[in-house]
$ cat structure06.cif   # mmCIF, C-alpha atoms and all ligand atoms
data_my_file
#
loop_
_atom_site.label_atom_id
_atom_site.label_comp_id
_atom_site.auth_asym_id
_atom_site.auth_seq_id
_atom_site.Cartn_x
_atom_site.Cartn_y
_atom_site.Cartn_z
CA MET D 1 109.76 96.61 63.92
CA LYS D 2 105.95 96.42 63.72
CA VAL D 3 104.99 93.05 65.13
CA LEU D 4 101.63 91.25 65.25
CA VAL D 5 101.45 88.92 68.28
CA VAL D 6 98.81 86.26 67.65
CA GLY D 7 97.69 84.95 71.04
CA GLY D 8 99.11 88.04 72.74
CA ALA D 9 96.43 88.11 75.48
CA GLY D 10 97.53 84.67 76.68
CA TYR D 11 99.95 83.64 79.40
CA ILE D 12 103.10 83.43 77.24
CA GLY D 13 101.93 85.81 74.51
CA SER D 14 101.34 88.63 76.99
CA HIS D 15 104.91 88.35 78.31
CA VAL D 16 106.28 88.31 74.75
CA ALA D 17 104.16 91.32 73.68
CA ARG D 18 105.12 93.35 76.75
CA LEU D 19 108.86 92.72 76.24
CA PHE D 20 108.69 93.61 72.53
CA ALA D 21 106.85 96.86 73.32
CA ASP D 22 109.27 97.70 76.14
CA LYS D 23 112.14 97.26 73.68
CA GLY D 24 110.57 99.86 71.35
CA HIS D 25 108.83 97.63 68.81
CA GLY D 26 105.30 98.46 67.68
CA VAL D 27 102.98 95.71 68.95
CA ASP D 28 99.45 94.76 67.94
CA ILE D 29 97.57 91.77 69.33
CA VAL D 30 95.22 89.26 67.73
CA ASP D 31 93.36 87.11 70.24
CA ASN D 32 89.90 85.50 70.55
CA LEU D 33 90.07 85.70 74.38
CA SER D 34 89.05 82.03 74.63
CA THR D 35 91.86 81.45 77.16
CA GLY D 36 93.61 84.85 77.15
CA SER D 37 92.72 87.69 79.50
CA ARG D 38 91.88 91.35 78.86
CA ASP D 39 94.02 92.02 81.98
CA ASN D 40 96.99 91.24 79.74
CA LEU D 41 96.21 93.97 77.20
CA PHE D 42 97.96 97.33 77.55
CA PRO D 43 97.06 100.76 76.08
CA ASP D 44 100.20 100.91 73.93
CA TYR D 45 99.02 97.92 71.83
CA GLY D 46 96.46 97.73 69.07
CA PHE D 47 94.02 94.87 69.76
CA PHE D 48 91.97 92.87 67.27
CA GLU D 49 89.54 90.40 68.82
CA GLY D 50 88.72 87.54 66.48
CA SER D 51 89.45 84.00 65.37
CA ILE D 52 92.42 82.84 63.33
CA LEU D 53 89.94 80.51 61.63
CA ASP D 54 88.32 83.56 59.95
CA TYR D 55 90.73 83.93 57.03
CA PRO D 56 89.27 87.12 55.43
CA TRP D 57 89.26 88.89 58.80
CA LEU D 58 92.79 87.70 59.62
CA LEU D 59 94.09 88.83 56.19
CA GLY D 60 92.47 92.22 56.72
CA VAL D 61 94.36 92.64 59.99
CA MET D 62 97.66 91.54 58.47
CA ARG D 63 97.22 93.96 55.54
CA ARG D 64 97.61 96.82 58.03
CA GLY D 65 101.33 96.24 57.53
CA TYR D 66 103.67 94.27 59.84
CA ASP D 67 107.33 93.32 59.63
CA ALA D 68 106.82 90.04 61.51
CA ILE D 69 104.30 87.73 63.13
CA VAL D 70 104.76 86.01 66.49
CA HIS D 71 102.29 83.13 66.77
CA LEU D 72 101.43 81.65 70.16
CA ALA D 73 97.71 80.97 69.75
CA ALA D 74 97.30 77.22 70.20
CA SER D 75 95.59 74.64 72.33
CA LYS D 76 98.28 72.97 74.44
CA ALA D 77 96.83 70.36 76.78
CA ALA D 78 98.53 67.14 75.74
CA GLY D 79 95.98 64.91 77.47
CA GLU D 80 93.00 66.74 75.94
CA SER D 81 94.56 66.44 72.47
CA MET D 82 94.18 62.64 72.73
CA LEU D 83 90.48 62.97 73.56
CA VAL D 84 89.42 65.70 71.11
CA PRO D 85 92.01 65.71 68.27
CA GLU D 86 89.55 67.60 66.04
CA LYS D 87 89.90 70.70 68.27
CA TYR D 88 93.69 70.53 67.86
CA SER D 89 93.49 69.90 64.10
CA LEU D 90 91.36 73.01 63.70
CA GLN D 91 93.12 75.39 66.09
CA ASN D 92 96.73 74.27 65.82
CA ILE D 93 96.93 73.11 62.19
CA SER D 94 94.16 74.86 60.19
CA GLY D 95 94.49 78.03 62.26
CA THR D 96 98.24 78.17 61.81
CA ILE D 97 98.00 77.47 58.08
CA ASN D 98 95.63 80.46 57.91
CA ILE D 99 98.25 82.59 59.66
CA ILE D 100 101.03 81.42 57.34
CA ASN D 101 98.96 81.93 54.17
CA ALA D 102 97.63 85.32 55.26
CA ALA D 103 101.15 86.45 56.16
CA CYS D 104 102.42 85.48 52.71
CA GLU D 105 99.45 87.14 50.99
CA ALA D 106 100.02 90.30 53.03
CA GLY D 107 103.74 90.31 52.14
CA ILE D 108 104.99 89.42 55.65
CA ARG D 109 108.02 87.13 55.38
CA THR D 110 109.11 86.59 59.01
CA ILE D 111 107.36 84.47 61.65
CA VAL D 112 108.27 83.25 65.14
CA PHE D 113 106.35 80.06 65.90
CA SER D 114 105.61 78.61 69.34
CA SER D 115 106.57 74.96 69.02
CA SER D 116 107.06 72.43 71.79
CA ALA D 117 109.29 69.81 73.36
CA ALA D 118 106.27 67.56 72.85
CA VAL D 119 107.56 67.00 69.28
CA TYR D 120 110.21 64.65 70.69
CA GLY D 121 108.06 62.11 72.52
CA GLU D 122 109.77 59.52 74.75
CA PRO D 123 113.41 60.64 75.22
CA LYS D 124 116.07 58.34 73.72
CA TYR D 125 118.81 60.34 75.45
CA LEU D 126 119.09 63.33 77.80
CA PRO D 127 119.49 66.24 77.65
CA ILE D 128 117.41 66.45 74.48
CA ASP D 129 119.00 68.41 71.62
CA GLU D 130 117.37 69.48 68.34
CA LEU D 131 118.70 66.40 66.53
CA HIS D 132 116.84 64.05 68.92
CA PRO D 133 114.33 61.82 67.06
CA GLN D 134 110.90 63.47 66.78
CA ASN D 135 108.21 60.90 67.55
CA PRO D 136 105.44 62.78 69.38
CA GLU D 137 103.48 60.64 71.87
CA ASN D 138 100.42 62.90 71.79
CA TYR D 139 98.38 64.65 69.14
CA TYR D 140 99.34 68.06 70.50
CA GLY D 141 103.01 67.32 69.80
CA PHE D 142 102.05 65.97 66.35
CA THR D 143 100.31 69.26 65.45
CA LYS D 144 103.42 71.23 66.41
CA LEU D 145 105.73 69.00 64.39
CA GLU D 146 103.45 69.17 61.32
CA ILE D 147 103.50 72.98 61.40
CA GLU D 148 107.30 72.95 61.65
CA ARG D 149 107.38 70.82 58.49
CA ILE D 150 104.95 73.14 56.67
CA LEU D 151 107.05 76.15 57.66
CA ALA D 152 110.15 74.50 56.17
CA TRP D 153 108.28 74.11 52.83
CA TYR D 154 107.12 77.73 52.91
CA ASP D 155 110.70 78.81 53.56
CA ARG D 156 111.73 76.90 50.42
CA LEU D 157 108.77 77.87 48.23
CA LYS D 158 107.74 81.33 49.48
CA GLY D 159 110.86 82.68 51.18
CA LEU D 160 109.05 82.75 54.56
CA LYS D 161 111.77 82.78 57.23
CA PHE D 162 110.82 81.33 60.60
CA ALA D 163 112.04 80.58 64.09
CA ALA D 164 110.46 77.44 65.55
CA LEU D 165 110.93 77.61 69.33
CA ARG D 166 110.54 74.25 71.08
CA TYR D 167 109.38 75.21 74.57
CA PHE D 168 109.94 72.85 77.45
CA ASN D 169 107.79 73.54 80.55
CA VAL D 170 106.98 77.22 80.82
CA ALA D 171 106.26 78.69 84.25
CA GLY D 172 106.48 81.80 86.41
CA TYR D 173 105.33 85.39 85.89
CA ASP D 174 107.27 88.55 85.10
CA PRO D 175 109.49 89.61 88.05
CA ALA D 176 108.22 93.21 87.71
CA GLY D 177 104.68 92.02 88.49
CA VAL D 178 103.21 93.95 85.54
CA ILE D 179 101.46 90.90 84.04
CA HIS D 180 99.13 88.82 86.21
CA GLY D 181 96.33 87.53 83.98
CA LEU D 182 95.68 83.94 85.06
CA GLU D 183 95.24 80.96 82.76
CA LYS D 184 91.64 79.66 82.61
CA ASN D 185 91.20 75.98 83.56
CA PRO D 186 94.92 75.17 83.62
CA ALA D 187 96.12 71.55 83.33
CA ASN D 188 99.85 72.20 83.83
CA LEU D 189 101.38 71.37 87.19
CA ILE D 190 102.38 74.78 88.57
CA PRO D 191 99.10 76.63 87.92
CA VAL D 192 97.24 73.61 89.35
CA ILE D 193 99.41 73.83 92.50
CA MET D 194 98.62 77.56 92.71
CA GLU D 195 94.87 76.97 92.40
CA VAL D 196 95.10 74.57 95.37
CA ALA D 197 97.15 77.13 97.33
CA ALA D 198 94.55 79.79 96.52
CA GLY D 199 91.69 77.55 97.65
CA MET D 200 90.24 77.22 94.12
CA ARG D 201 90.72 73.41 94.22
CA PRO D 202 90.68 71.19 97.35
CA ALA D 203 93.78 69.18 96.37
CA LEU D 204 95.94 68.17 93.44
CA ASP D 205 96.69 64.69 92.11
CA VAL D 206 100.29 63.56 91.79
CA PHE D 207 100.40 61.43 88.67
CA GLY D 208 102.65 58.57 89.76
CA THR D 209 105.45 58.14 92.30
CA ASP D 210 107.01 55.05 90.74
CA TYR D 211 109.11 56.66 88.03
CA PRO D 212 112.89 55.97 87.86
CA THR D 213 113.68 59.42 89.29
CA PRO D 214 115.20 60.43 92.67
CA ASP D 215 111.84 60.86 94.43
CA GLY D 216 109.78 58.73 92.02
CA THR D 217 107.82 61.64 90.49
CA GLY D 218 108.07 63.14 87.01
CA VAL D 219 111.00 65.46 86.27
CA ARG D 220 110.62 68.33 83.79
CA ASP D 221 112.71 71.24 82.53
CA TYR D 222 110.95 74.41 83.75
CA ILE D 223 111.76 77.65 81.99
CA HIS D 224 110.64 81.05 83.28
CA VAL D 225 108.26 82.84 80.93
CA SER D 226 110.44 85.98 80.99
CA ASP D 227 113.42 83.93 79.81
CA LEU D 228 111.19 82.54 77.11
CA ALA D 229 110.07 86.04 76.03
CA ALA D 230 113.71 87.13 75.76
CA ALA D 231 114.35 84.15 73.49
CA HIS D 232 111.50 85.24 71.18
CA LEU D 233 113.07 88.68 70.82
CA ALA D 234 116.53 87.23 70.15
CA ALA D 235 115.08 84.73 67.65
CA LEU D 236 113.18 87.42 65.71
CA GLU D 237 116.29 89.62 65.59
CA TYR D 238 118.33 86.62 64.35
CA VAL D 239 115.90 85.71 61.54
CA ALA D 240 115.51 89.35 60.45
CA ARG D 241 119.30 89.95 60.54
CA GLU D 242 120.52 86.65 59.05
CA GLY D 243 117.60 86.00 56.68
CA LYS D 244 117.76 82.36 57.80
CA SER D 245 115.24 80.11 59.57
CA LEU D 246 116.10 78.25 62.77
CA THR D 247 114.68 75.67 65.15
CA VAL D 248 115.83 75.75 68.78
CA ASN D 249 115.01 74.16 72.13
CA LEU D 250 114.19 76.52 74.98
CA GLY D 251 114.71 75.06 78.43
CA SER D 252 116.64 75.88 81.61
CA GLU D 253 118.61 72.61 81.31
CA SER D 254 117.71 71.81 84.92
CA GLY D 255 115.18 69.20 86.01
CA LEU D 256 112.66 69.60 88.83
CA SER D 257 110.33 66.90 90.14
CA VAL D 258 106.65 67.17 90.97
CA LEU D 259 107.33 66.75 94.71
CA GLU D 260 110.11 69.37 94.64
CA LEU D 261 107.67 71.88 93.19
CA ILE D 262 104.93 71.02 95.68
CA GLU D 263 107.35 71.32 98.63
CA ALA D 264 108.65 74.68 97.36
CA ALA D 265 105.09 75.93 96.92
CA ARG D 266 104.19 74.89 100.50
CA ARG D 267 107.31 76.70 101.79
CA ILE D 268 106.76 79.90 99.78
CA THR D 269 102.97 80.20 100.06
CA GLY D 270 102.69 78.89 103.65
CA LYS D 271 99.69 76.82 102.49
CA ALA D 272 99.16 73.10 103.15
CA ILE D 273 98.54 72.25 99.46
CA PRO D 274 97.00 68.78 99.93
CA ALA D 275 98.19 66.25 97.32
CA ASN D 276 96.75 62.83 96.47
CA ILE D 277 99.08 60.19 95.05
CA VAL D 278 97.35 58.56 92.06
CA GLY D 279 98.46 56.43 89.09
CA ARG D 280 100.65 57.56 86.21
CA ARG D 281 99.09 59.77 83.49
CA PRO D 282 99.27 57.90 80.15
CA GLY D 283 101.98 59.23 77.82
CA ASP D 284 104.02 60.91 80.56
CA PRO D 285 107.76 60.21 80.26
CA ALA D 286 109.74 59.99 83.51
CA LYS D 287 112.12 62.81 82.70
CA LEU D 288 112.44 65.56 80.08
CA VAL D 289 115.37 67.98 80.17
CA ALA D 290 116.53 70.22 77.31
CA SER D 291 119.86 71.01 75.82
CA SER D 292 119.65 74.72 74.95
CA ALA D 293 123.17 74.83 73.51
CA THR D 294 121.89 75.88 70.06
CA ALA D 295 119.96 78.85 71.46
CA LYS D 296 123.04 79.88 73.44
CA ARG D 297 125.29 79.59 70.40
CA LEU D 298 123.04 81.19 67.77
CA LEU D 299 121.07 83.65 69.90
CA GLY D 300 123.46 84.35 72.76
CA TRP D 301 120.51 83.43 75.01
CA GLU D 302 120.39 81.75 78.40
CA ALA D 303 117.86 81.33 81.21
CA ARG D 304 118.26 83.89 84.02
CA HIS D 305 115.02 83.65 86.03
CA SER D 306 114.32 79.91 85.87
CA ASP D 307 115.36 78.92 89.42
CA LEU D 308 112.79 77.08 91.56
CA ASP D 309 112.05 79.89 94.02
CA THR D 310 111.58 82.54 91.31
CA LEU D 311 109.25 80.25 89.35
CA ILE D 312 107.03 79.67 92.38
CA SER D 313 107.22 83.12 94.04
CA THR D 314 106.41 85.08 90.87
CA THR D 315 103.48 82.78 90.09
CA TRP D 316 102.13 82.97 93.63
CA ARG D 317 102.30 86.80 93.50
CA ALA D 318 100.28 86.80 90.24
CA TYR D 319 97.62 84.56 91.81
CA ARG D 320 97.46 86.64 95.02
CA ARG D 321 97.13 89.85 93.00
CA SER D 322 94.59 88.58 90.47
CA LEU D 323 92.44 86.88 93.11
CA LYS D 324 92.94 89.74 95.60
CA LEU D 325 94.02 87.24 98.26
CA ASP D 326 95.96 89.81 100.31
C1 LIG D 401 104.39 68.20 84.43
C2 LIG D 401 104.60 67.07 85.44
C3 LIG D 401 102.93 65.35 85.28
C4 LIG D 401 99.62 67.98 86.54
C5 LIG D 401 102.99 70.00 79.01
C6 LIG D 401 102.44 69.91 77.60
C7 LIG D 401 102.64 71.19 76.92
C8 LIG D 401 104.06 71.64 76.96
C9 LIG D 401 104.75 71.33 78.28
C10 LIG D 401 104.33 73.62 75.64
C11 LIG D 401 104.35 65.68 84.84
C12 LIG D 401 102.84 66.08 86.62
C13 LIG D 401 100.86 67.49 86.18
C14 LIG D 401 98.98 67.48 87.73
C15 LIG D 401 100.88 66.06 88.12
N1 LIG D 401 104.09 73.06 76.84
N2 LIG D 401 101.48 66.55 86.97
N3 LIG D 401 99.65 66.54 88.47
O1 LIG D 401 102.97 67.14 80.59
O2 LIG D 401 105.36 67.95 81.03
O3 LIG D 401 103.95 69.01 79.27
O4 LIG D 401 103.70 71.21 79.21
O5 LIG D 401 104.37 73.07 74.61
O6 LIG D 401 101.78 72.12 77.55
O7 LIG D 401 103.06 68.92 76.87
O8 LIG D 401 103.41 69.39 81.70
O9 LIG D 401 102.52 70.45 83.72
O10 LIG D 401 101.09 68.71 82.54
O11 LIG D 401 103.12 67.98 83.80
O12 LIG D 401 101.45 65.20 88.82
O13 LIG D 401 97.84 67.88 88.11
O14 LIG D 401 103.64 67.22 86.49
O15 LIG D 401 102.74 63.94 85.45
O16 LIG D 401 105.27 64.78 85.46
P1 LIG D 401 103.95 68.26 80.67
P2 LIG D 401 102.45 69.17 82.95
#
$ encode --input "structure06.cif" --output "structure tokens"
Amino acid sequence: MKVLVVGGAGYIGSHVARLFADKGHGVDIVDNLSTGSRDNLFPDYGFFEGSILDYPWLLGVMRRGYDAIVHLAASKAAGESMLVPEKYSLQNISGTINIINAACEAGIRTIVFSSSAAVYGEPKYLPIDELHPQNPENYYGFTKLEIERILAWYDRLKGLKFAALRYFNVAGYDPAGVIHGLEKNPANLIPVIMEVAAGMRPALDVFGTDYPTPDGTGVRDYIHVSDLAAAHLAALEYVAREGKSLTVNLGSESGLSVLELIEAARRITGKAIPANIVGRRPGDPAKLVASSATAKRLLGWEARHSDLDTLISTTWRAYRRSLKLD
């Protein structure tokens, strides 16, 4: 298929684009390079630099003819979304509506959408399945849930078939070491740990050690980005083959705590990685772990690279290579 990967210069988008191309699909990239990296662009892709907020430009790109869109261009810092919701309204809602409308106008009827576990909010039960109540605790999660609802209407009214993929915590870099573009100004735990290990930050803050978890720190379901990319491919093949939309969780179904990740990073990098214990971050639940049973059943997918050591070692290699630490 000919696939347009929107956000394909980003951390997750670059892994998705590379896997699709390696599997023989034609891949073009749309990205504004606000957080993505040119290091993640490869000569076998077409690349269109621009904003998804520029509808005429976006439509012009889509009119080049694609079988499907994969959309991963969004702002994703939950905390920031509570401080500047207007940025998230524009990028995540208006921008995605532009993508959906331009796809329909250009005759593209298949889209894979990067959604989030943030749609669920405070867990009522664990592991979280797709039927869990969706009450997002932050505006970022709200934007993802709103787009899922709009996609369901476009399926009904325009025949647009979609896969909404609810990511849990994405981490790691490709085991082959081909992709190593670093996220700019990361807020997520593992890249923050890596920036401390690389000497880019003096220390990291541990947001709370009084949670009802084994070591008192937050537990999350970390999924390797290569496992996530494989799920995108399986989801696109499912929607194209079955002509049906689907919404699935993507997680490793295992939980890791903040301190477990810090200790593993100290062991693997050999760096001290100073950590300051501070208060809880507002809106953080104690534990979030996915049930990925639906993805296993419908897509025949499961996580293969999402173990603790692979998550940390592949990320550390990307940082060492990009920052030329060796
Ligand atoms: C993980 C754990 C923090 C940073 C985010 C967003 C969204 C979503 C998943 C895709 C928590 C703790 C963190 C730090 C810390 N992705 N932490 N010090 O909040 O689970 O979810 O990723 O949709 O991006 O919702 O991820 O990495 O911010 O936090 O102690 O400097 O690490 O309290 O327990 P989160 P996170």
$ residues_near_ligand --input "structure06.cif" --ligand "ligand LIG 401 (chain D)" --cutoff "7 Å" --atoms "only C-alpha atoms and all ligand atoms" --output "JSON, numbers by chain"
{"D": [76, 77, 78, 115, 116, 117, 118, 167, 168, 169, 170, 187, 188, 189, 190, 192, 204, 205, 206, 207, 208, 217, 218, 219, 220, 258, 280, 281, 284, 286]}
$ closest_residue --input "structure06.cif" --among "D:Asp174, D:Glu146, D:Asp44, D:Glu253" --to "Tyr88 of chain D" --atoms "only C-alpha atoms"
D:Glu146
$ closest_residue --input "structure06.cif" --among "D:Ala231, D:Val61, D:Ile99, D:Leu298" --to "Arg166 of chain D" --atoms "only C-alpha atoms"
D:Ala231
$ residues_around --input "structure06.cif" --residues "segment 22-26 of chain D" --least-positions-apart "5" --cutoff "9 Å" --atoms "only C-alpha atoms" --output "PDB file with C-alpha atoms, keeping the file's coordinate frame"
ATOM      1  CA  MET D   1     109.760  96.610  63.920  1.00  0.00           C
ATOM      2  CA  LYS D   2     105.950  96.420  63.720  1.00  0.00           C
ATOM      3  CA  VAL D   3     104.990  93.050  65.130  1.00  0.00           C
ATOM      4  CA  LEU D   4     101.630  91.250  65.250  1.00  0.00           C
ATOM      5  CA  ALA D  17     104.160  91.320  73.680  1.00  0.00           C
ATOM      6  CA  ASP D  44     100.200 100.910  73.930  1.00  0.00           C
ATOM      7  CA  TYR D  45      99.020  97.920  71.830  1.00  0.00           C
ATOM      8  CA  GLY D  46      96.460  97.730  69.070  1.00  0.00           C
TER       9      GLY D  46
END
$ closest_residue --input "structure06.cif" --among "D:Gly251, D:Pro202, D:Gly36, D:Pro85" --to "Pro186 of chain D" --atoms "all atoms listed in the file"
D:Gly36
$ atom_distance --input "structure06.cif" --atom1 "atom CA of Glu263 of chain D" --atom2 "atom CA of Ser306 of chain D"
16.9 Å
$ residues_around --input "structure06.cif" --residues "segment 175-182 of chain D" --least-positions-apart "2" --cutoff "10 Å" --atoms "only C-alpha atoms" --output "PDB file with C-alpha atoms, keeping the file's coordinate frame"
ATOM      1  CA  ALA D   9      96.430  88.110  75.480  1.00  0.00           C
ATOM      2  CA  GLY D  10      97.530  84.670  76.680  1.00  0.00           C
ATOM      3  CA  TYR D  11      99.950  83.640  79.400  1.00  0.00           C
ATOM      4  CA  SER D  14     101.340  88.630  76.990  1.00  0.00           C
ATOM      5  CA  HIS D  15     104.910  88.350  78.310  1.00  0.00           C
ATOM      6  CA  ARG D  18     105.120  93.350  76.750  1.00  0.00           C
ATOM      7  CA  THR D  35      91.860  81.450  77.160  1.00  0.00           C
ATOM      8  CA  GLY D  36      93.610  84.850  77.150  1.00  0.00           C
ATOM      9  CA  SER D  37      92.720  87.690  79.500  1.00  0.00           C
ATOM     10  CA  ARG D  38      91.880  91.350  78.860  1.00  0.00           C
ATOM     11  CA  ASP D  39      94.020  92.020  81.980  1.00  0.00           C
ATOM     12  CA  ASN D  40      96.990  91.240  79.740  1.00  0.00           C
ATOM     13  CA  LEU D  41      96.210  93.970  77.200  1.00  0.00           C
ATOM     14  CA  PHE D  42      97.960  97.330  77.550  1.00  0.00           C
ATOM     15  CA  GLY D 172     106.480  81.800  86.410  1.00  0.00           C
ATOM     16  CA  TYR D 173     105.330  85.390  85.890  1.00  0.00           C
ATOM     17  CA  LYS D 184      91.640  79.660  82.610  1.00  0.00           C
ATOM     18  CA  ASN D 185      91.200  75.980  83.560  1.00  0.00           C
ATOM     19  CA  PRO D 186      94.920  75.170  83.620  1.00  0.00           C
ATOM     20  CA  PRO D 191      99.100  76.630  87.920  1.00  0.00           C
ATOM     21  CA  HIS D 224     110.640  81.050  83.280  1.00  0.00           C
ATOM     22  CA  VAL D 225     108.260  82.840  80.930  1.00  0.00           C
ATOM     23  CA  SER D 226     110.440  85.980  80.990  1.00  0.00           C
ATOM     24  CA  HIS D 305     115.020  83.650  86.030  1.00  0.00           C
ATOM     25  CA  THR D 310     111.580  82.540  91.310  1.00  0.00           C
ATOM     26  CA  LEU D 311     109.250  80.250  89.350  1.00  0.00           C
ATOM     27  CA  SER D 313     107.220  83.120  94.040  1.00  0.00           C
ATOM     28  CA  THR D 314     106.410  85.080  90.870  1.00  0.00           C
ATOM     29  CA  THR D 315     103.480  82.780  90.090  1.00  0.00           C
ATOM     30  CA  TRP D 316     102.130  82.970  93.630  1.00  0.00           C
ATOM     31  CA  ARG D 317     102.300  86.800  93.500  1.00  0.00           C
ATOM     32  CA  ALA D 318     100.280  86.800  90.240  1.00  0.00           C
ATOM     33  CA  TYR D 319      97.620  84.560  91.810  1.00  0.00           C
ATOM     34  CA  ARG D 320      97.460  86.640  95.020  1.00  0.00           C
ATOM     35  CA  ARG D 321      97.130  89.850  93.000  1.00  0.00           C
ATOM     36  CA  SER D 322      94.590  88.580  90.470  1.00  0.00           C
ATOM     37  CA  LEU D 323      92.440  86.880  93.110  1.00  0.00           C
TER      38      LEU D 323
END
